[in-house]
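Pasted below: input27.txt, compact mmCIF, C-alpha atoms and all ligand atoms.
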# COMPACT_ATOMS: atom_id res chain seq x y z
CA MET A 259 -3.52 -38.41 -31.19
CA SER A 260 -0.97 -40.93 -32.44
CA ARG A 261 -0.50 -41.59 -36.14
CA GLY A 262 -1.30 -45.24 -35.55
CA PHE A 263 -4.66 -44.40 -34.05
CA VAL A 264 -5.57 -42.06 -36.88
CA ARG A 265 -4.72 -44.68 -39.45
CA TRP A 266 -6.71 -47.32 -37.55
CA ALA A 267 -9.69 -45.00 -37.21
CA LEU A 268 -9.60 -44.33 -40.93
CA VAL A 269 -9.59 -48.02 -41.75
CA VAL A 270 -12.56 -48.60 -39.47
CA ALA A 271 -14.44 -45.63 -40.92
CA VAL A 272 -13.88 -46.83 -44.48
CA ALA A 273 -14.94 -50.35 -43.55
CA PHE A 274 -18.18 -49.02 -42.07
CA TRP A 275 -18.82 -46.82 -45.04
CA VAL A 276 -18.30 -49.63 -47.52
CA GLY A 277 -20.39 -51.99 -45.41
CA GLY A 278 -23.16 -49.42 -45.14
CA CYS A 279 -23.29 -49.01 -48.91
CA ALA A 280 -23.41 -52.70 -49.73
CA PRO A 281 -26.83 -53.87 -50.86
CA ARG A 282 -28.76 -55.35 -47.96
CA THR A 283 -30.20 -58.18 -49.97
CA GLY A 284 -27.51 -60.24 -51.68
CA GLY A 285 -27.82 -61.84 -55.05
CA ARG A 286 -28.42 -58.70 -57.07
CA ALA A 287 -27.31 -58.92 -60.68
CA THR A 288 -24.64 -56.57 -61.95
CA PRO A 289 -25.85 -52.99 -61.59
CA ALA A 290 -27.17 -51.29 -64.69
CA ALA A 291 -25.02 -48.58 -66.24
CA SER A 292 -25.48 -45.19 -64.59
CA PRO A 293 -28.65 -43.42 -65.75
CA GLN A 294 -26.66 -40.67 -67.46
CA ALA A 295 -24.49 -43.18 -69.30
CA ALA A 296 -27.65 -44.87 -70.58
CA GLY A 297 -29.24 -41.51 -71.47
CA LEU A 298 -31.93 -41.93 -68.79
CA PRO A 299 -33.16 -39.51 -66.10
CA ASP A 300 -31.51 -39.82 -62.68
CA LEU A 301 -33.72 -39.75 -59.58
CA GLY A 302 -30.67 -39.34 -57.37
CA GLY A 303 -31.03 -42.58 -55.41
CA ARG A 304 -34.16 -41.48 -53.62
CA THR A 305 -36.41 -43.91 -51.77
CA LEU A 306 -39.87 -44.34 -53.26
CA ARG A 307 -42.80 -45.51 -51.16
CA VAL A 308 -44.52 -48.04 -53.40
CA ALA A 309 -48.02 -49.34 -52.63
CA THR A 310 -49.38 -52.65 -53.88
CA ASP A 311 -52.16 -55.04 -52.89
CA ALA A 312 -50.13 -58.24 -52.67
CA THR A 313 -53.02 -60.66 -53.12
CA TYR A 314 -52.90 -60.81 -56.89
CA PRO A 315 -50.72 -63.59 -58.33
CA PRO A 316 -48.50 -63.43 -60.26
CA PHE A 317 -48.41 -59.61 -60.27
CA GLU A 318 -47.91 -59.29 -56.53
CA MET A 319 -48.28 -61.84 -53.76
CA LEU A 320 -46.55 -63.04 -50.61
CA ASP A 321 -44.17 -65.98 -50.93
CA LYS A 322 -43.98 -68.61 -48.20
CA ASP A 323 -41.61 -66.39 -46.19
CA LYS A 324 -44.04 -63.46 -46.52
CA ASN A 325 -41.86 -61.50 -48.95
CA ILE A 326 -43.76 -59.48 -51.54
CA VAL A 327 -42.86 -60.99 -54.91
CA GLY A 328 -44.21 -60.98 -58.46
CA TYR A 329 -44.06 -59.40 -61.87
CA ASP A 330 -44.87 -55.87 -60.66
CA VAL A 331 -42.26 -56.16 -57.89
CA ASP A 332 -39.53 -57.14 -60.36
CA LEU A 333 -40.69 -54.47 -62.75
CA ILE A 334 -40.46 -51.56 -60.30
CA GLN A 335 -37.06 -52.85 -59.16
CA GLU A 336 -35.79 -52.97 -62.75
CA ILE A 337 -37.16 -49.48 -63.35
CA CYS A 338 -35.38 -48.16 -60.28
CA ARG A 339 -32.12 -49.80 -61.38
CA ARG A 340 -32.31 -47.75 -64.59
CA VAL A 341 -33.27 -44.38 -63.17
CA ASN A 342 -31.60 -44.65 -59.76
CA CYS A 343 -34.27 -45.00 -57.09
CA LYS A 344 -34.97 -47.40 -54.21
CA PRO A 345 -38.44 -48.89 -54.13
CA GLU A 346 -39.79 -49.53 -50.64
CA ILE A 347 -42.73 -51.79 -51.36
CA ARG A 348 -45.58 -52.28 -48.94
CA SER A 349 -48.76 -54.25 -49.24
CA VAL A 350 -51.88 -52.23 -48.54
CA ALA A 351 -55.62 -52.65 -49.07
CA TRP A 352 -56.67 -52.18 -52.69
CA GLU A 353 -59.25 -49.51 -51.90
CA GLY A 354 -56.60 -47.40 -50.15
CA ILE A 355 -54.11 -47.41 -53.00
CA LEU A 356 -55.26 -44.55 -55.23
CA PRO A 357 -56.41 -42.30 -52.36
CA GLY A 358 -53.04 -42.99 -50.68
CA VAL A 359 -51.15 -41.79 -53.75
CA GLN A 360 -53.43 -38.76 -54.02
CA GLN A 361 -52.79 -37.81 -50.39
CA GLY A 362 -49.05 -38.30 -50.77
CA ASP A 363 -48.82 -41.33 -48.46
CA TYR A 364 -47.21 -43.27 -51.33
CA ASP A 365 -45.12 -42.03 -54.23
CA VAL A 366 -46.02 -44.88 -56.54
CA ALA A 367 -48.65 -47.59 -56.95
CA ILE A 368 -48.08 -50.72 -59.00
CA SER A 369 -50.77 -53.33 -58.54
CA GLY A 370 -52.04 -54.61 -61.87
CA ILE A 371 -53.90 -51.32 -62.19
CA THR A 372 -55.92 -50.73 -65.35
CA ILE A 373 -55.57 -47.30 -66.94
CA THR A 374 -59.09 -45.83 -67.03
CA GLU A 375 -60.47 -42.37 -67.78
CA GLU A 376 -62.03 -42.19 -64.33
CA ARG A 377 -58.73 -42.94 -62.58
CA GLU A 378 -56.85 -40.55 -64.91
CA LYS A 379 -58.86 -37.78 -63.23
CA GLN A 380 -57.38 -38.66 -59.83
CA VAL A 381 -53.79 -39.74 -60.54
CA ASP A 382 -51.27 -39.93 -63.38
CA PHE A 383 -50.33 -43.14 -65.18
CA THR A 384 -47.19 -44.19 -67.00
CA GLU A 385 -47.45 -45.65 -70.45
CA PRO A 386 -48.93 -49.15 -70.39
CA TYR A 387 -46.60 -52.01 -69.47
CA ILE A 388 -48.91 -54.91 -70.34
CA THR A 389 -52.30 -55.55 -71.96
CA VAL A 390 -54.79 -57.91 -70.34
CA GLY A 391 -58.41 -58.93 -70.89
CA GLN A 392 -61.05 -59.98 -68.40
CA VAL A 393 -62.17 -63.60 -68.36
CA VAL A 394 -64.65 -65.83 -66.56
CA LEU A 395 -62.98 -68.15 -64.04
CA VAL A 396 -64.94 -71.19 -62.84
CA ARG A 397 -64.31 -74.43 -60.95
CA ALA A 398 -62.57 -77.09 -63.04
CA ASP A 399 -65.61 -79.39 -62.80
CA GLU A 400 -68.05 -76.68 -63.96
CA THR A 401 -70.23 -77.77 -66.89
CA ARG A 402 -73.05 -75.21 -66.87
CA ILE A 403 -70.91 -72.18 -67.71
CA GLN A 404 -69.13 -71.96 -71.08
CA GLY A 405 -68.69 -68.20 -71.08
CA ALA A 406 -70.17 -64.85 -70.03
CA GLN A 407 -73.43 -65.69 -71.85
CA ASP A 408 -74.21 -68.36 -69.23
CA LEU A 409 -74.21 -66.09 -66.16
CA THR A 410 -77.82 -64.82 -66.31
CA ASP A 411 -78.85 -67.04 -63.41
CA LYS A 412 -75.46 -67.19 -61.71
CA THR A 413 -73.64 -65.44 -58.87
CA VAL A 414 -70.33 -63.85 -59.78
CA ALA A 415 -67.55 -62.69 -57.45
CA VAL A 416 -65.10 -59.83 -58.04
CA GLN A 417 -62.74 -57.66 -56.05
CA LEU A 418 -64.52 -54.52 -54.89
CA GLY A 419 -63.57 -51.35 -56.76
CA THR A 420 -61.80 -53.00 -59.69
CA THR A 421 -62.55 -52.75 -63.38
CA ASN A 422 -63.79 -56.32 -62.96
CA ASP A 423 -66.35 -55.01 -60.45
CA GLU A 424 -67.35 -52.36 -63.00
CA LEU A 425 -67.90 -54.92 -65.75
CA ALA A 426 -69.78 -57.37 -63.52
CA SER A 427 -71.96 -54.57 -62.14
CA LYS A 428 -72.83 -53.45 -65.66
CA LEU A 429 -73.68 -57.01 -66.74
CA HIS A 430 -75.86 -57.33 -63.65
CA LYS A 431 -77.65 -54.09 -64.48
CA ASP A 432 -78.27 -55.37 -67.98
CA GLY A 433 -79.76 -58.58 -66.55
CA ARG A 434 -76.87 -60.75 -67.72
CA ILE A 435 -75.65 -61.74 -64.24
CA ARG A 436 -78.03 -62.65 -61.41
CA GLU A 437 -75.94 -61.41 -58.52
CA VAL A 438 -72.53 -59.83 -57.94
CA LYS A 439 -70.62 -60.47 -54.72
CA ARG A 440 -67.80 -58.06 -54.00
CA TYR A 441 -64.80 -59.08 -51.89
CA ARG A 442 -61.97 -56.98 -50.55
CA THR A 443 -59.35 -59.11 -52.31
CA PHE A 444 -59.34 -61.45 -55.27
CA ASP A 445 -58.08 -64.34 -53.19
CA LEU A 446 -61.27 -64.09 -51.11
CA ALA A 447 -63.31 -64.06 -54.33
CA VAL A 448 -61.49 -67.17 -55.54
CA ALA A 449 -61.91 -68.84 -52.13
CA ALA A 450 -65.67 -68.19 -52.42
CA LEU A 451 -65.61 -69.86 -55.84
CA LEU A 452 -63.77 -72.91 -54.53
CA ASN A 453 -66.21 -73.10 -51.57
CA ARG A 454 -69.15 -73.03 -53.99
CA ASP A 455 -70.46 -69.78 -52.48
CA VAL A 456 -70.40 -68.26 -55.97
CA ASP A 457 -70.48 -69.74 -59.48
CA ALA A 458 -67.77 -67.71 -61.21
CA VAL A 459 -65.19 -64.97 -60.78
CA ILE A 460 -64.58 -62.23 -63.34
CA ILE A 461 -60.88 -61.42 -63.34
CA ASP A 462 -58.01 -60.20 -65.55
CA SER A 463 -56.74 -63.06 -67.73
CA VAL A 464 -53.21 -63.33 -66.36
CA ALA A 465 -54.34 -63.10 -62.74
CA GLY A 466 -56.81 -65.89 -63.54
CA LEU A 467 -53.84 -67.96 -64.68
CA GLY A 468 -52.02 -67.00 -61.47
CA PHE A 469 -54.86 -68.37 -59.32
CA MET A 470 -55.05 -71.49 -61.49
CA ALA A 471 -51.36 -72.05 -60.78
CA GLN A 472 -51.97 -71.58 -57.04
CA HIS A 473 -54.82 -74.11 -57.08
CA PRO A 474 -53.69 -76.75 -59.56
CA GLY A 475 -56.48 -78.75 -61.17
CA LYS A 476 -59.25 -76.84 -59.38
CA LEU A 477 -60.02 -73.92 -61.72
CA LYS A 478 -60.37 -73.10 -65.41
CA THR A 479 -61.28 -70.12 -67.55
CA VAL A 480 -64.12 -70.28 -70.07
CA GLY A 481 -65.21 -68.27 -73.10
CA GLU A 482 -63.69 -65.29 -74.84
CA LYS A 483 -61.87 -62.36 -73.30
CA LEU A 484 -64.45 -59.76 -72.34
CA THR A 485 -62.30 -56.61 -72.47
CA GLU A 486 -58.93 -55.30 -73.53
CA GLU A 487 -57.21 -53.24 -70.83
CA GLN A 488 -53.83 -51.72 -70.35
CA LEU A 489 -52.06 -51.67 -67.01
CA GLY A 490 -49.94 -48.73 -65.91
CA ILE A 491 -47.94 -47.51 -62.95
CA VAL A 492 -49.54 -44.75 -60.89
CA VAL A 493 -47.94 -41.56 -59.58
CA ARG A 494 -49.48 -38.52 -57.96
CA GLU A 495 -51.27 -36.20 -60.36
CA GLY A 496 -48.79 -33.72 -61.82
CA ASN A 497 -45.68 -35.65 -60.77
CA ALA A 498 -44.18 -35.42 -64.25
CA GLU A 499 -40.66 -36.03 -62.96
CA LEU A 500 -41.48 -39.55 -61.76
CA ARG A 501 -43.81 -40.34 -64.62
CA ASP A 502 -41.30 -39.27 -67.27
CA ALA A 503 -38.44 -41.12 -65.58
CA PHE A 504 -40.57 -44.30 -65.38
CA ASN A 505 -41.64 -43.97 -69.00
CA ALA A 506 -38.03 -43.61 -70.11
CA ALA A 507 -37.09 -46.67 -68.03
CA LEU A 508 -40.04 -48.66 -69.42
CA ARG A 509 -38.92 -47.91 -72.96
CA ALA A 510 -35.39 -49.05 -72.13
CA LEU A 511 -36.75 -52.26 -70.56
CA LYS A 512 -38.86 -52.94 -73.64
CA GLU A 513 -35.92 -52.37 -75.96
CA ASP A 514 -33.38 -54.48 -74.11
CA GLY A 515 -35.74 -57.44 -73.67
CA THR A 516 -36.14 -57.16 -69.88
CA LEU A 517 -39.91 -56.80 -70.12
CA ASP A 518 -40.08 -59.99 -72.23
CA ARG A 519 -37.85 -61.80 -69.75
CA LEU A 520 -40.10 -60.78 -66.84
CA TYR A 521 -43.14 -61.87 -68.82
CA ARG A 522 -41.67 -65.33 -69.37
CA LYS A 523 -40.51 -65.58 -65.77
CA TRP A 524 -43.88 -64.80 -64.18
CA PHE A 525 -46.49 -65.71 -66.77
CA GLU A 526 -44.90 -68.81 -68.27
CA GLU A 527 -42.32 -70.32 -65.92
CA TRP A 528 -43.50 -69.34 -62.43
CA LYS A 529 -44.88 -72.10 -60.22
CA PRO A 530 -46.12 -71.24 -56.75
CA THR A 531 -44.16 -72.83 -53.92
CA GLN A 532 -46.74 -73.69 -51.33
N1 LIG B 601 -56.95 -54.56 -63.34
C1 LIG B 601 -58.00 -54.48 -62.39
C2 LIG B 601 -58.23 -53.03 -61.99
O1 LIG B 601 -57.41 -52.22 -62.17
C3 LIG B 601 -57.76 -55.32 -61.16
C4 LIG B 601 -56.50 -55.04 -60.42
C5 LIG B 601 -56.47 -55.71 -59.07
N2 LIG B 601 -55.18 -55.62 -58.50
C6 LIG B 601 -54.87 -56.13 -57.29
N3 LIG B 601 -53.63 -56.03 -56.89
N4 LIG B 601 -55.78 -56.66 -56.55
O2 LIG B 601 -59.23 -52.66 -61.47

Spell out the structure here as structure tokens.
Ligand code: ARG
Amino acid sequence: MSRGFVRWALVVAVAFWVGGCAPRTGGRATPAASPQAAGLPDLGGRTLRVATDATYPPFEMLDKDKNIVGYDVDLIQEICRRVNCKPEIRSVAWEGILPGVQQGDYDVAISGITITEEREKQVDFTEPYITVGQVVLVRADETRIQGAQDLTDKTVAVQLGTTNDELASKLHKDGRIREVKRYRTFDLAVAALLNRDVDAVIIDSVAGLGFMAQHPGKLKTVGEKLTEEQLGIVVREGNAELRDAFNAALRALKEDGTLDRLYRKWFEEWKPTQ
């Protein structure tokens, strides 16, 4: 083999190697310092299968090009930048998310998920990353409903299997809601509200704002917040390595202002583009 060929082959090999390592999606900000340098755990660059139900603005939704975007998406990406992992995010049905993590189909779930005692029995949660409260969402022209006290003779929609479903079901049992209709996603529940199939939707406050932004002038929230809930990221029960790495990253993101920046981006500045 001639020297020239060897040198050429080397150049080509290096070019491929560099090309192969370049991020596939451009526009990434400067990489964070290495996990060790920042005193954070290092997950060794591993790919994480992340499940989310991308029908929940502005936590997770599809943009007009069908990319999964939102607060949770940015958050898991920022976490992975700190502790060296690659999130591979897929949108799946809400009811399959926790069972999927339990069975090991997904490593992580981030989907506006409230930390509850019941769920703690099935999976592990990180520390909370945001606090929300449930609210009553109605059509903008609604005059009969000023808050949860006015639902006794009304039909309320929720997403099946959420903490919102739990609250609405309890209020129904106590005679404070006439009927509860359960939908497989919140955007179907909101569509039912806009179609006048139901009178109200019970939903987490910030997601309520997300749907208001998607349907400008058509919706409003009424009354007081009905709960206080903390959202966390889910890993398989006993996966302390992931949970601890995420918690360390969350603390770093709180301290350096990234969490505040994401809050402003998605809950204050974001406007849907459709
Ligand atoms: N926080 C509520 C719950 O955990 C609703 C979450 C719904 N999330 C979603 N992506 N649809 O039950």

Check: Residues within 7 Å of ligand LIG 601 (chain B) (all atoms listed in the file), as a list in words?
Finding: Thr310, Asp311, Ala312, Thr313, Tyr314, Glu318, Trp352, Ser369, Gly370, Ile371, Thr372, Gly419, Thr420, Thr421, Asn422, Thr443, Phe444, Asp462 and Leu489 of chain A

Could you give me, as a tab-separated table, every stretch 432-471 of chain A residue with an atom at most 12 Å from stretch 384-395 of chain A, plus its closest atom pair and distance in Å to one decimal, counting all atoms listed in the file, rows ordered by chain then number?
residue	atom	partner	partner_atom	distance
A:Ile435	CA	A:Val394	CA	12.0
A:Phe444	CA	A:Leu395	CA	11.6
A:Ala447	CA	A:Leu395	CA	10.5
A:Val448	CA	A:Leu395	CA	8.7
A:Ala449	CA	A:Leu395	CA	12.0
A:Ala450	CA	A:Leu395	CA	11.9
A:Leu451	CA	A:Leu395	CA	8.8
A:Leu452	CA	A:Leu395	CA	10.7
A:Val456	CA	A:Leu395	CA	11.0
A:Asp457	CA	A:Leu395	CA	8.9
A:Ala458	CA	A:Leu395	CA	5.6
A:Val459	CA	A:Leu395	CA	5.1
A:Ile460	CA	A:Val394	CA	4.8
A:Ile461	CA	A:Gln392	CA	5.3
A:Asp462	CA	A:Gln392	CA	4.2
A:Ser463	CA	A:Gln392	CA	5.3
A:Val464	CA	A:Val390	CA	6.9
A:Ala465	CA	A:Val390	CA	9.2
A:Gly466	CA	A:Leu395	CA	6.6
A:Leu467	CA	A:Leu395	CA	9.2
A:Gly468	CA	A:Leu395	CA	11.3
A:Phe469	CA	A:Leu395	CA	9.4
A:Met470	CA	A:Leu395	CA	9.0

Check: Which residue, A:Lys439, A:Lys322, A:Thr516, A:Ala367, has the smallest gap to A:Gln417 when you use only C-alpha atoms?
Finding: A:Lys439

Item checked: Which residue of A:Arg509, A:Lys412, A:Arg402, A:Arg519 approaches A:Glu437 most closely, using only C-alpha atoms ->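 Checking each of A:Arg509, A:Lys412, A:Arg402, A:Arg519 against A:Glu437, counting only C-alpha atoms, the winner is A:Lys412.
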
Checklist line | Minimum-distance residue to A:Gly297, chosen among A:His430, A:Arg340, A:Asp382, A:Lys523 (using only C-alpha atoms) | finding: A:Arg340

Next item on the list: Kindly give the distance, in Å, that separates atom CA of A:Asp323 and atom CA of A:Arg307, rounded to a single decimal.
Entry: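 We find that atom CA of A:Asp323 and atom CA of A:Arg307 lie 21.5 Å from each other.
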
Item checked: Residue with smallest distance to A:Val327 - pool A:Pro530, A:Leu409, A:Thr401, A:Asn342, counting only C-alpha atoms -> A:Pro530

Stretch 369-404 of chain A rebuilt with N, CA and C atoms, output as a CSV table (one decimal), keeping the file's coordinate frame:
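File result23.csv, as written:
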chain,number,residue,atom,x,y,z
A,369,SER,N,-49.9,-52.3,-59.1
A,369,SER,CA,-50.8,-53.3,-58.5
A,369,SER,C,-51.7,-53.9,-59.6
A,370,GLY,N,-51.2,-54.1,-60.8
A,370,GLY,CA,-52.0,-54.6,-61.9
A,370,GLY,C,-53.1,-53.6,-62.2
A,371,ILE,N,-52.9,-52.3,-62.1
A,371,ILE,CA,-53.9,-51.3,-62.2
A,371,ILE,C,-54.2,-50.9,-63.6
A,372,THR,N,-55.5,-51.1,-64.0
A,372,THR,CA,-55.9,-50.7,-65.4
A,372,THR,C,-56.0,-49.2,-65.5
A,373,ILE,N,-55.5,-48.7,-66.6
A,373,ILE,CA,-55.6,-47.3,-66.9
A,373,ILE,C,-57.0,-47.0,-67.4
A,374,THR,N,-57.7,-46.2,-66.6
A,374,THR,CA,-59.1,-45.8,-67.0
A,374,THR,C,-59.2,-44.3,-67.0
A,375,GLU,N,-60.2,-43.8,-67.7
A,375,GLU,CA,-60.5,-42.4,-67.8
A,375,GLU,C,-60.8,-41.8,-66.4
A,376,GLU,N,-61.6,-42.6,-65.7
A,376,GLU,CA,-62.0,-42.2,-64.3
A,376,GLU,C,-60.8,-42.0,-63.4
A,377,ARG,N,-59.9,-43.0,-63.4
A,377,ARG,CA,-58.7,-42.9,-62.6
A,377,ARG,C,-57.8,-41.9,-63.0
A,378,GLU,N,-57.7,-41.6,-64.4
A,378,GLU,CA,-56.8,-40.6,-64.9
A,378,GLU,C,-57.2,-39.2,-64.3
A,379,LYS,N,-58.5,-39.1,-63.8
A,379,LYS,CA,-58.9,-37.8,-63.2
A,379,LYS,C,-58.3,-37.6,-61.8
A,380,GLN,N,-57.9,-38.7,-61.2
A,380,GLN,CA,-57.4,-38.7,-59.8
A,380,GLN,C,-55.9,-38.7,-59.7
A,381,VAL,N,-55.2,-39.5,-60.6
A,381,VAL,CA,-53.8,-39.7,-60.5
A,381,VAL,C,-53.2,-39.7,-61.9
A,382,ASP,N,-51.9,-39.8,-62.1
A,382,ASP,CA,-51.3,-39.9,-63.4
A,382,ASP,C,-50.8,-41.4,-63.6
A,383,PHE,N,-50.8,-41.8,-64.8
A,383,PHE,CA,-50.3,-43.1,-65.2
A,383,PHE,C,-49.1,-43.0,-66.1
A,384,THR,N,-48.2,-44.0,-66.0
A,384,THR,CA,-47.2,-44.2,-67.0
A,384,THR,C,-47.8,-44.7,-68.3
A,385,GLU,N,-47.0,-44.9,-69.3
A,385,GLU,CA,-47.4,-45.6,-70.4
A,385,GLU,C,-47.8,-47.1,-70.0
A,386,PRO,N,-48.6,-47.8,-70.8
A,386,PRO,CA,-48.9,-49.2,-70.4
A,386,PRO,C,-47.7,-50.1,-70.4
A,387,TYR,N,-47.7,-51.0,-69.5
A,387,TYR,CA,-46.6,-52.0,-69.5
A,387,TYR,C,-47.1,-53.4,-69.8
A,388,ILE,N,-48.4,-53.6,-69.9
A,388,ILE,CA,-48.9,-54.9,-70.3
A,388,ILE,C,-50.4,-54.7,-70.7
A,389,THR,N,-50.9,-55.6,-71.6
A,389,THR,CA,-52.3,-55.6,-72.0
A,389,THR,C,-52.9,-56.8,-71.5
A,390,VAL,N,-54.1,-56.7,-70.8
A,390,VAL,CA,-54.8,-57.9,-70.3
A,390,VAL,C,-56.2,-57.8,-70.8
A,391,GLY,N,-57.0,-58.9,-70.6
A,391,GLY,CA,-58.4,-58.9,-70.9
A,391,GLY,C,-59.1,-59.7,-69.8
A,392,GLN,N,-60.3,-59.3,-69.5
A,392,GLN,CA,-61.0,-60.0,-68.4
A,392,GLN,C,-61.6,-61.3,-68.9
A,393,VAL,N,-61.7,-62.3,-68.0
A,393,VAL,CA,-62.2,-63.6,-68.4
A,393,VAL,C,-63.1,-64.1,-67.2
A,394,VAL,N,-63.8,-65.2,-67.5
A,394,VAL,CA,-64.6,-65.8,-66.6
A,394,VAL,C,-63.9,-67.0,-66.0
A,395,LEU,N,-63.7,-67.1,-64.7
A,395,LEU,CA,-63.0,-68.2,-64.0
A,395,LEU,C,-64.0,-69.0,-63.3
A,396,VAL,N,-64.0,-70.3,-63.5
A,396,VAL,CA,-64.9,-71.2,-62.8
A,396,VAL,C,-64.2,-72.4,-62.2
A,397,ARG,N,-64.9,-73.2,-61.5
A,397,ARG,CA,-64.3,-74.4,-61.0
A,397,ARG,C,-64.0,-75.4,-62.1
A,398,ALA,N,-63.0,-76.2,-61.9
A,398,ALA,CA,-62.6,-77.1,-63.0
A,398,ALA,C,-63.7,-78.0,-63.4
A,399,ASP,N,-64.6,-78.4,-62.5
A,399,ASP,CA,-65.6,-79.4,-62.8
A,399,ASP,C,-66.9,-78.7,-63.3
A,400,GLU,N,-66.9,-77.4,-63.5
A,400,GLU,CA,-68.0,-76.7,-64.0
A,400,GLU,C,-68.5,-77.1,-65.4
A,401,THR,N,-69.8,-77.4,-65.5
A,401,THR,CA,-70.2,-77.8,-66.9
A,401,THR,C,-71.3,-76.8,-67.4
A,402,ARG,N,-71.9,-76.1,-66.5
A,402,ARG,CA,-73.0,-75.2,-66.9
A,402,ARG,C,-72.6,-73.9,-67.5
A,403,ILE,N,-71.4,-73.5,-67.3
A,403,ILE,CA,-70.9,-72.2,-67.7
A,403,ILE,C,-69.8,-72.3,-68.8
A,404,GLN,N,-70.1,-71.9,-70.0
A,404,GLN,CA,-69.1,-72.0,-71.1
A,404,GLN,C,-68.5,-70.6,-71.4
